[in-house]
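Q: Take this structure first; my questions come after.
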Amino acid sequence: MARNLKYTRNIGIAAHIDAGKTTTTERVLFYTGINHKIGEVHDGAATMDWMQQEQERGITITSAATCCEWMYNQKKYQINIIDTPGHVDFTVEVERSMRVLDGMVVLFSSVDGVEPQSETVWRQADKYGIPRIAFVNKMDRQGADFFNVCSQIKKILGANSVPIQIPIGIGDNFQGVIDLIANQAIIWDDKNYGMTYQKIPIPDNMKKIVNDHKNQLIEALSEYDDKIMEKFLYSPHSSISQKEIILSLRENTIKMKIIPILCGSSFKNKGVQTMLDAICKYLPSPLDVKDIVGINPINQKEEKRKPNENEPFSALAFKISSDPFVGRLAFFRVYSGKIESGSYSFNVRSGNKERISRIYQMHANKQNPVSKIGAGDIAAVVGFKDIKTGDTLCDEKHPILLEKIFFPEPVIGLAIEPKYKSDIDKMSLALSKLMEEDPTFQVRTDNYTGQTIISGMGELHLEIIVDRMKREFKVEVNQGKPQVEYKEALRNLVEHREIYKKQTGGRGKYADILFRLEPGNIGESGLTFINKIKGGNIPKEYIPSIEKGFKEMMKSGPLSGYEIDNAKVTVLDGSYHSVDSDQLSFELAGKLGFREAAKKAKPILLEPIMKLEVLIPEENMGDIIGDLNRRRGIVQNMKTKNNIKVIQALVPLSEMFGYVTVLRTLSSGRGTSVMEFSHYDIVPEAVMDNVIVENKNQNKKVKK
């Protein structure tokens, strides 16, 4: 019998680093009966942080999926949870998980409030239209301020957020919460890991504050609910029933008009059960979200799929991971239909039909085999020979292409080589598997030096990759210094004729092309190729070879060998020889012509610019701003948060190596910073000469 999707929740837990995501997930697993003991992050025993690197560093690196059940209102709910990383280097893990979620719990630290990565996560959730609830964690900590965090969520994130709980006591005196809807206090039992709690009347000294916040909640709902507004204006508040408030709050949370705020302390086992109730109460089931929309690859028309097992099968692969025991696992979300183990599914990107050998319901890095999986579920499959993150899987008779997942470009590179010559093949295999798993990790060979360059989103990202190669694939590597992934761009329009002739006795080589090279369209990347050859001056079968030659040369620009970000080529004219011309001749003409034309097109260097947020004591402001100016930083904003000065600036990545150490020195160890990629910008001429010289010197060293 098909499961009722009304009682399914696909949710993510996301927040800034150190807000307590993994600790909260561990409590969820404990209270739902998945785990029989609580794993702590600080002990390196958290279930969801199953990678060795995660346990050692106390951070989440990969998004882990798990499935649990929770009884609410005498109904059993299935909750599929994805615990996402908080560190900006792994922001793609959050991005791709968001694509398949129906709802989200965003955690905030009651001491630190809305932090930079909280904003990033919030924006990502807005982009994918994900309804969410907020959970203010760490209420047991000194300096906790629940109401300050509530106002920050409103001001900084621009959310229409309303508390549906308020804390009883803060810091060491935090005892429990008051449920504003049910008008009662909930006090957790400190023994027995908070498994039991009491519901008691509201303490007399809190009745006024409870009444004020209850009014605010009803007032917020009345803006969107006419029935509640009528009762709010013309009847006593007691006439608005608990059921009416819950139904109205659920409807407006799903429409993203209201964000309910809860509070608690996951570490002290307080507030997690009520958060689970809120997930069931207010977050959407797969039936509450809009039907998934995709494109039919045959007729290019838009099609919809309903979350129903009787619809044609459609699913999106959002994560690939290598498991040492079962091989390559593809995590996917089923949007419609169902699929059984042993059956076949069609991959729209590759155009291949592949057999699904086994289906697993995931619990962190453990797998529970299941015979089938249906609409609204998240699972992992084994058996695919060719699958990538973002691939659409569907029924071959009813093909559909779901929206792709966008991944940012890597901004930092590192030259590596195996320590032992015998490990060359093992290193290639390890790199290809890691690239499959992580779309923001790229590998290329430097055309000048022949070195293997790995690129990623930050120093920590590459550090983890090198560490994983050593631990999981038993490959040790020597590595160079981290290098910025510059790009090159063209400024001028150039017309160029390239005639490629080679006579070596017998059949020769001949190709002649006239083309226009210019900067590409703003906002686009890669090569825009336009063919304007008329009258058969160049046969059609040679045109793809010309394009291939141009594309190949885009990988290595004329200034310093960095990739050309975007360009537009229009082939205008040319000629061929009936005997000597072939595809290779035209490909070589394209390569040589592009290189010569690019030199004349006034090439420039582009560098990654990072968005930096620095939190420091006020007395260090002058030193920090002076240091940022020396690093070519542009201060965008300065504000005060919790008696700490916050500086927001845009700074070139090339100037930021070793910044954490300098910041600690300048602020006597009290300053902290968070950095994420913003955009690419032109390198100033004075700096550009240094970059080119430095790159040439580096190449000479390697060649020696």
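To be explicit about the labels: the chains of the structure tokens are called A, B, and onward in the order shown, and within each one the residues are counted from 1, while ligands get numbers from 1 in the order they are shown.
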As a PyMOL selection string, which residues of range 124-368 of chain A does DSSP assign to helix (DSSP H, G or I)?
A: chain A and resi 124-127+146-157+171-173+192-194+204-222+226-234+237-239+242-254+272-282
Q: Take the residues from that selection and write them out as a compact mmCIF listing (two decimals), in the first residue's frame, keeping C-alpha atoms.
A:
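File again03.txt, as written:
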# COMPACT_ATOMS: atom_id res chain seq x y z
CA GLN A 124 19.92 30.24 -0.97
CA ALA A 125 16.62 29.19 0.66
CA ASP A 126 14.91 32.30 -0.82
CA LYS A 127 16.32 31.40 -4.27
CA PHE A 146 16.62 35.38 22.31
CA PHE A 147 14.75 38.63 21.56
CA ASN A 148 17.85 40.27 20.08
CA VAL A 149 18.20 37.34 17.64
CA CYS A 150 14.49 37.66 16.73
CA SER A 151 14.94 41.35 15.86
CA GLN A 152 18.13 40.56 13.86
CA ILE A 153 16.24 37.97 11.78
CA LYS A 154 13.72 40.72 10.98
CA LYS A 155 16.22 43.52 10.31
CA ILE A 156 19.17 41.75 8.67
CA LEU A 157 17.32 39.01 6.78
CA GLY A 171 22.24 31.03 30.40
CA ASP A 172 22.67 28.73 33.41
CA ASN A 173 19.06 29.50 34.44
CA ASN A 192 17.33 10.96 31.32
CA TYR A 193 18.77 13.17 28.50
CA GLY A 194 15.67 15.37 28.37
CA ASP A 204 2.92 34.52 37.15
CA ASN A 205 5.94 36.79 36.56
CA MET A 206 5.88 35.95 32.82
CA LYS A 207 2.15 36.33 32.08
CA LYS A 208 2.44 39.91 30.79
CA ILE A 209 5.35 39.19 28.38
CA VAL A 210 3.54 36.03 27.16
CA ASN A 211 0.37 38.05 26.51
CA ASP A 212 2.32 40.71 24.57
CA HIS A 213 4.03 38.15 22.34
CA LYS A 214 0.82 36.18 21.80
CA ASN A 215 -0.82 39.41 20.59
CA GLN A 216 2.11 40.01 18.22
CA LEU A 217 1.71 36.49 16.83
CA ILE A 218 -2.04 36.89 16.23
CA GLU A 219 -1.49 40.36 14.77
CA ALA A 220 1.10 38.95 12.32
CA LEU A 221 -1.34 36.21 11.26
CA SER A 222 -4.25 38.64 10.91
CA ASP A 226 -9.24 37.47 7.24
CA LYS A 227 -10.96 35.17 9.77
CA ILE A 228 -8.27 35.77 12.37
CA MET A 229 -8.26 39.51 11.62
CA GLU A 230 -12.02 39.70 12.21
CA LYS A 231 -11.74 37.94 15.57
CA PHE A 232 -8.63 39.95 16.49
CA LEU A 233 -10.40 43.26 15.89
CA TYR A 234 -13.93 42.54 17.11
CA HIS A 237 -8.62 36.93 21.82
CA SER A 238 -9.75 33.81 23.63
CA SER A 239 -12.25 33.24 20.79
CA GLN A 242 -5.42 26.89 19.15
CA LYS A 243 -6.39 24.86 16.05
CA GLU A 244 -7.15 28.03 14.03
CA ILE A 245 -3.77 29.53 14.92
CA ILE A 246 -1.89 26.33 13.97
CA LEU A 247 -3.74 26.00 10.63
CA SER A 248 -3.20 29.66 9.75
CA LEU A 249 0.47 29.54 10.80
CA ARG A 250 1.04 26.39 8.72
CA GLU A 251 -0.57 27.92 5.64
CA ASN A 252 1.43 31.15 5.90
CA THR A 253 4.71 29.37 6.69
CA ILE A 254 4.29 27.25 3.53
CA VAL A 272 14.33 19.47 20.33
CA GLN A 273 11.07 17.53 20.70
CA THR A 274 8.99 20.70 20.31
CA MET A 275 11.08 21.54 17.21
CA LEU A 276 10.19 18.10 15.77
CA ASP A 277 6.51 18.81 16.49
CA ALA A 278 6.89 22.16 14.69
CA ILE A 279 8.43 20.41 11.64
CA CYS A 280 5.34 18.18 11.44
CA LYS A 281 2.96 21.07 12.19
CA TYR A 282 4.27 23.88 9.99
Q: Considering only C-alpha atoms, return as a list in words whatever protein or nucleic-acid residues lie within 12 Å of Phe346 in chain A, sequence-local ones (same chain, fewer than 6 positions apart) excluded.
A: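 Everything that qualifies: Pro312, Phe313, Ser314, Ala315, Leu316, Ile339, Asn352, Lys353, Glu354, Arg355, Ile356, Phe384, Asp386, Ile387, Asp391, Thr392, Leu393, Cys394, Asp395, Glu396, Lys397, His398, Pro399, Ile400 and Leu401 of chain A.
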Q: Mind dumping the selected residues with C-alpha atoms as a PDB file, in the first residue's frame?
A:
ATOM      1  CA  PRO A 312       5.655   8.710 -14.727  1.00  0.00           C
ATOM      2  CA  PHE A 313       8.924   8.352 -12.783  1.00  0.00           C
ATOM      3  CA  SER A 314      11.138  11.465 -12.409  1.00  0.00           C
ATOM      4  CA  ALA A 315      14.005  12.125  -9.981  1.00  0.00           C
ATOM      5  CA  LEU A 316      17.010  14.419  -9.549  1.00  0.00           C
ATOM      6  CA  ILE A 339      11.163   2.853  -8.993  1.00  0.00           C
ATOM      7  CA  ASN A 352      21.430   6.006 -21.631  1.00  0.00           C
ATOM      8  CA  LYS A 353      19.159   3.542 -19.885  1.00  0.00           C
ATOM      9  CA  GLU A 354      20.782   2.094 -16.775  1.00  0.00           C
ATOM     10  CA  ARG A 355      19.845  -0.658 -14.347  1.00  0.00           C
ATOM     11  CA  ILE A 356      19.359   0.252 -10.694  1.00  0.00           C
ATOM     12  CA  PHE A 384      24.985   3.612 -12.319  1.00  0.00           C
ATOM     13  CA  ASP A 386      27.607   7.149 -15.771  1.00  0.00           C
ATOM     14  CA  ILE A 387      25.906   9.644 -13.465  1.00  0.00           C
ATOM     15  CA  ASP A 391      21.321  14.558 -13.662  1.00  0.00           C
ATOM     16  CA  THR A 392      17.621  13.905 -14.234  1.00  0.00           C
ATOM     17  CA  LEU A 393      16.476  10.274 -14.029  1.00  0.00           C
ATOM     18  CA  CYS A 394      13.109   9.428 -15.562  1.00  0.00           C
ATOM     19  CA  ASP A 395      10.883   6.982 -17.393  1.00  0.00           C
ATOM     20  CA  GLU A 396      12.224   6.483 -20.951  1.00  0.00           C
ATOM     21  CA  LYS A 397       8.713   6.659 -22.438  1.00  0.00           C
ATOM     22  CA  HIS A 398       8.000   9.960 -20.637  1.00  0.00           C
ATOM     23  CA  PRO A 399      11.333  11.899 -20.675  1.00  0.00           C
ATOM     24  CA  ILE A 400      11.665  15.134 -18.710  1.00  0.00           C
ATOM     25  CA  LEU A 401      14.660  17.350 -17.951  1.00  0.00           C
TER      26      LEU A 401
END
Q: When distances are computed from only C-alpha atoms, which of A:Ile499, A:Ile202, A:Ile647, A:Ile168 shows the smallest separation from Asn183 in chain A?
A: A:Ile202
Q: Would you work out the distance separating CA of Lys6 in chain A from CA of Val177 in chain A, expressed in Å to one decimal?
A: 28.2 Å
Q: May I have the residues within 8 Å of Gly458 in chain A as JSON, numbers by chain, using only C-alpha atoms and disregarding those fewer than 2 positions away in the same chain?
A: {"A": [89, 411, 412, 456, 460, 461, 462]}
Q: Fewer than 2 positions away in the same chain doesn't count, so skip those; otherwise give me all residues within 6 Å of range 96-111 of chain A, counting only C-alpha atoms, as a list in words.
A: Asn10, Ile11, Gly12, Ile13, Ala14, Ala15, Ala19, Glu93, Val94, Gly113, Ile130, Pro131, Arg132, Ile133, Ala134, Phe135, Val136, Asn137, Lys138, Met139, Gly143, Ala144, Asp145, Phe146, Leu283 and Phe318 of chain A
Q: Write out as a PyMOL selection string which residues come within 8 Å of Ile644 in chain A when counting only C-alpha atoms, dropping same-chain ones fewer than 5 positions away.
A: chain A and resi 615-618
Q: Let's have the selection written as a PDB file, in the first residue's frame, with all heavy atoms.
A:
ATOM      1  N   LEU A 615      34.948  40.574  12.422  1.00  0.00           N
ATOM      2  CA  LEU A 615      34.362  40.972  13.709  1.00  0.00           C
ATOM      3  C   LEU A 615      35.510  41.259  14.675  1.00  0.00           C
ATOM      4  O   LEU A 615      36.335  40.370  14.943  1.00  0.00           O
ATOM      5  CB  LEU A 615      33.479  39.849  14.280  1.00  0.00           C
ATOM      6  CG  LEU A 615      32.100  39.676  13.638  1.00  0.00           C
ATOM      7  CD1 LEU A 615      32.195  38.953  12.313  1.00  0.00           C
ATOM      8  CD2 LEU A 615      31.157  38.937  14.554  1.00  0.00           C
ATOM      9  N   ILE A 616      35.584  42.500  15.163  1.00  0.00           N
ATOM     10  CA  ILE A 616      36.721  42.900  16.011  1.00  0.00           C
ATOM     11  C   ILE A 616      36.264  43.845  17.125  1.00  0.00           C
ATOM     12  O   ILE A 616      35.237  44.511  17.008  1.00  0.00           O
ATOM     13  CB  ILE A 616      37.799  43.645  15.170  1.00  0.00           C
ATOM     14  CG1 ILE A 616      37.136  44.648  14.204  1.00  0.00           C
ATOM     15  CG2 ILE A 616      38.706  42.715  14.451  1.00  0.00           C
ATOM     16  CD1 ILE A 616      37.979  45.764  13.785  1.00  0.00           C
ATOM     17  N   PRO A 617      37.066  43.946  18.215  1.00  0.00           N
ATOM     18  CA  PRO A 617      36.784  44.967  19.237  1.00  0.00           C
ATOM     19  C   PRO A 617      37.009  46.361  18.641  1.00  0.00           C
ATOM     20  O   PRO A 617      37.842  46.529  17.733  1.00  0.00           O
ATOM     21  CB  PRO A 617      37.824  44.668  20.327  1.00  0.00           C
ATOM     22  CG  PRO A 617      38.339  43.303  20.032  1.00  0.00           C
ATOM     23  CD  PRO A 617      38.201  43.097  18.563  1.00  0.00           C
ATOM     24  N   GLU A 618      36.283  47.353  19.170  1.00  0.00           N
ATOM     25  CA  GLU A 618      36.324  48.709  18.607  1.00  0.00           C
ATOM     26  C   GLU A 618      37.730  49.304  18.591  1.00  0.00           C
ATOM     27  O   GLU A 618      38.120  49.988  17.646  1.00  0.00           O
ATOM     28  CB  GLU A 618      35.382  49.629  19.404  1.00  0.00           C
ATOM     29  CG  GLU A 618      35.147  50.941  18.689  1.00  0.00           C
ATOM     30  CD  GLU A 618      33.919  51.682  19.208  1.00  0.00           C
ATOM     31  OE1 GLU A 618      33.200  51.142  20.076  1.00  0.00           O
ATOM     32  OE2 GLU A 618      33.702  52.783  18.734  1.00  0.00           O
TER      33      GLU A 618
END
